[in-house]
Structure formats: structure tokens, C-alpha cells
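Participant: Here you go, this is my_file-v2.pdb (PDB, C-alpha atoms).
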ATOM      1  CA  MET A   1     -33.022 -46.945  17.971
ATOM      2  CA  CYS A   2     -30.736 -49.750  16.811
ATOM      3  CA  LYS A   3     -31.775 -49.353  13.171
ATOM      4  CA  ARG A   4     -31.041 -45.630  13.347
ATOM      5  CA  ASN A   5     -27.520 -46.222  14.674
ATOM      6  CA  GLN A   6     -26.956 -48.865  12.005
ATOM      7  CA  LYS A   7     -28.077 -46.411   9.308
ATOM      8  CA  ILE A   8     -25.693 -43.734  10.612
ATOM      9  CA  LEU A   9     -22.878 -46.284  10.681
ATOM     10  CA  GLU A  10     -23.613 -47.360   7.098
ATOM     11  CA  ASP A  11     -23.643 -43.720   5.956
ATOM     12  CA  LYS A  12     -20.296 -43.091   7.594
ATOM     13  CA  LEU A  13     -18.856 -46.222   6.005
ATOM     14  CA  ASN A  14     -20.107 -45.113   2.579
ATOM     15  CA  ILE A  15     -18.494 -41.690   3.045
ATOM     16  CA  LEU A  16     -15.259 -43.364   4.139
ATOM     17  CA  GLU A  17     -15.316 -45.687   1.135
ATOM     18  CA  LEU A  18     -15.833 -42.760  -1.241
ATOM     19  CA  GLY A  19     -12.904 -40.946   0.358
ATOM     20  CA  ILE A  20     -10.652 -43.980   0.033
ATOM     21  CA  ASN A  21     -11.624 -44.410  -3.620
ATOM     22  CA  LYS A  22     -10.845 -40.747  -4.284
ATOM     23  CA  ILE A  23      -7.414 -41.049  -2.628
ATOM     24  CA  SER A  24      -6.706 -44.208  -4.639
ATOM     25  CA  LYS A  25      -7.522 -42.462  -7.934
ATOM     26  CA  ASN A  26      -5.304 -39.508  -6.986
ATOM     27  CA  LEU A  27      -2.385 -41.859  -6.255
ATOM     28  CA  GLU A  28      -2.870 -43.637  -9.588
ATOM     29  CA  ASN A  29      -2.820 -40.274 -11.404
ATOM     30  CA  LYS A  30       0.347 -39.305  -9.516
ATOM     31  CA  GLU A  31       2.057 -42.521 -10.626
ATOM     32  CA  LYS A  32       1.045 -41.823 -14.235
ATOM     33  CA  HIS A  33       2.454 -38.299 -13.929
ATOM     34  CA  ASP A  34       5.756 -39.700 -12.615
ATOM     35  CA  LEU A  35       5.943 -42.135 -15.517
ATOM     36  CA  ILE A  36       5.313 -39.374 -18.023
ATOM     37  CA  TYR A  37       8.074 -37.332 -16.381
ATOM     38  CA  ILE A  38      10.552 -40.221 -16.567
ATOM     39  CA  LEU A  39       9.709 -40.956 -20.194
ATOM     40  CA  GLY A  40       9.597 -37.257 -21.061
ATOM     41  CA  SER A  41      12.238 -35.002 -22.506
ATOM     42  CA  LYS A  42      15.729 -36.227 -21.693
ATOM     43  CA  LYS A  43      17.138 -32.707 -22.018
ATOM     44  CA  GLU A  44      14.688 -31.425 -19.427
ATOM     45  CA  ILE A  45      15.552 -34.235 -17.019
ATOM     46  CA  ILE A  46      19.285 -33.622 -17.438
ATOM     47  CA  LYS A  47      18.837 -29.872 -16.953
ATOM     48  CA  ARG A  48      16.822 -30.331 -13.754
ATOM     49  CA  ASN A  49      19.292 -32.851 -12.350
ATOM     50  CA  ILE A  50      22.277 -30.599 -13.080
ATOM     51  CA  ILE A  51      20.605 -27.630 -11.383
ATOM     52  CA  ALA A  52      19.621 -29.797  -8.416
ATOM     53  CA  GLY A  53      23.198 -31.102  -8.129
ATOM     54  CA  ILE A  54      24.657 -27.590  -8.194
ATOM     55  CA  PHE A  55      22.364 -26.397  -5.427
ATOM     56  CA  ARG A  56      23.020 -29.510  -3.339
ATOM     57  CA  GLY A  57      26.752 -28.863  -3.657
ATOM     58  CA  ILE A  58      26.383 -25.223  -2.666
ATOM     59  CA  GLY A  59      24.196 -26.171   0.298
ATOM     60  CA  THR A  60      26.688 -28.790   1.436
ATOM     61  CA  GLY A  61      29.554 -26.277   1.248
ATOM     62  CA  ILE A  62      27.661 -23.628   3.204
ATOM     63  CA  GLY A  63      26.516 -26.156   5.807
ATOM     64  CA  PHE A  64      30.030 -27.548   6.270
ATOM     65  CA  THR A  65      31.435 -24.026   6.676
ATOM     66  CA  ILE A  66      28.859 -23.105   9.324
ATOM     67  CA  ILE A  67      29.364 -26.332  11.288
ATOM     68  CA  THR A  68      33.165 -25.940  11.164
ATOM     69  CA  ALA A  69      32.896 -22.347  12.408
ATOM     70  CA  ILE A  70      30.693 -23.445  15.310
ATOM     71  CA  ILE A  71      33.125 -26.227  16.251
ATOM     72  CA  ILE A  72      36.102 -23.835  16.164
ATOM     73  CA  TYR A  73      34.165 -21.338  18.294
ATOM     74  CA  PHE A  74      33.491 -23.959  20.977
ATOM     75  CA  LEU A  75      37.067 -25.219  20.835
ATOM     76  CA  GLN A  76      38.320 -21.678  21.459
ATOM     77  CA  ARG A  77      35.976 -21.412  24.446
ATOM     78  CA  ILE A  78      37.411 -24.663  25.841
ATOM     79  CA  VAL A  79      40.964 -23.315  25.449
ATOM     80  CA  ARG A  80      39.998 -20.262  27.514
ATOM     81  CA  LEU A  81      39.017 -22.562  30.381
ATOM     82  CA  ASN A  82      42.735 -23.467  30.720
ATOM     83  CA  ILE A  83      42.291 -27.217  31.027
ATOM     84  CA  PRO A  84      45.950 -28.357  30.943
ATOM     85  CA  VAL A  85      46.090 -31.251  28.459
ATOM     86  CA  ILE A  86      42.961 -30.567  26.414
ATOM     87  CA  GLY A  87      43.640 -26.827  26.181
ATOM     88  CA  GLU A  88      47.107 -27.278  24.666
ATOM     89  CA  TYR A  89      45.891 -29.886  22.191
ATOM     90  CA  ILE A  90      42.970 -27.739  21.045
ATOM     91  CA  ASN A  91      45.213 -24.661  20.869
ATOM     92  CA  ASP A  92      47.482 -26.549  18.455
ATOM     93  CA  ILE A  93      44.496 -27.506  16.298
ATOM     94  CA  ILE A  94      43.249 -23.904  16.196
ATOM     95  CA  GLU A  95      46.690 -22.618  15.220
ATOM     96  CA  ILE A  96      46.900 -25.160  12.388
ATOM     97  CA  VAL A  97      43.483 -24.111  11.088
ATOM     98  CA  GLN A  98      44.315 -20.399  11.292
ATOM     99  CA  HIS A  99      47.667 -20.860   9.498
ATOM    100  CA  SER A 100      45.990 -22.814   6.695
ATOM    101  CA  LYS A 101      43.682 -19.853   5.924
TER
END
Can you dump the structure from the file as C-alpha cells?
Facilitator:
Amino acid sequence: MCKRNQKILEDKLNILELGINKISKNLENKEKHDLIYILGSKKEIIKRNIIAGIFRGIGTGIGFTIITAIIIYFLQRIVRLNIPVIGEYINDIIEIVQHSK
């Protein structure tokens, strides 16, 4: 019984070792691919980076607009609660934002 369990354990270890070796080879190939990309066409790298930068800028602008709209919405809700000091202060901020549009 003990030899059978030891054999099963050895088989599992061999399978695990094969899997680890396969993962290691895949990572080495990935690193080679990254190196080829870096040393590749400079025009292609510049083009990809420019496109990525444009889309990051657009995403940042859209995200900032959405977050600002949500903040203004909640500030208007607070003003409607008629809290004396905070309500007046927030009302002034909202008026400034609306006049700047």
C-alpha cells in the first residue's frame, strides 16, 4: 500500500514538473517577443504610443466630466436640504459653475 501511494505521488510530481517547465518556456518566449517588439519598427512603436495617448486623453476627459456631473448633482441635493451654512456655500459654488458654462 505504501509503495502504491509513493508511486502516485511521484506521478503527480512528474506531472507538476512538466507543467512548470511548460510555463517557464512560455514566459521565456513572451520575453523574447517583448524584446523583438522593443527593437522592432520605430514608426510602429511611435504610432501605437500616439494612438494610446489619444485614447487615454479622451478617456480621462470623459471620466472627469462624469465625476464632476455626479458631484454637482449631489451638491444640488445638499442645497435642497436647506442646511444653513453649507447650503449657501454650495449654492455659491453651483452658481459659479453654471455661469462659467
Participant: For atom CA of Leu9 of chain A and atom CA of Lys25 of chain A, quote the distance in Å rounded to one decimal.
Facilitator: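 According to the coordinates, atom CA of Leu9 of chain A and atom CA of Lys25 of chain A are separated by 24.4 Å.
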Participant: Which residue gives the smallest distance to Tyr89 of chain A among A:Ile62, A:Ile54, A:Ile8, A:Leu75, with all atoms listed in the file counted?
Facilitator: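 Of all the options, A:Leu75 lies closest to Tyr89 of chain A.
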Participant: Quick check, in Å to one decimal: how far apart do atom CA of Ile94 of chain A and atom CA of Gln76 of chain A lie?
Facilitator: 7.5 Å
Participant: I'd like the interatomic distance between atom CA of Glu88 of chain A and atom CA of Gly63 of chain A, to a tenth of an Å.
Facilitator: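 That distance, rounded to one decimal, is 27.9 Å.
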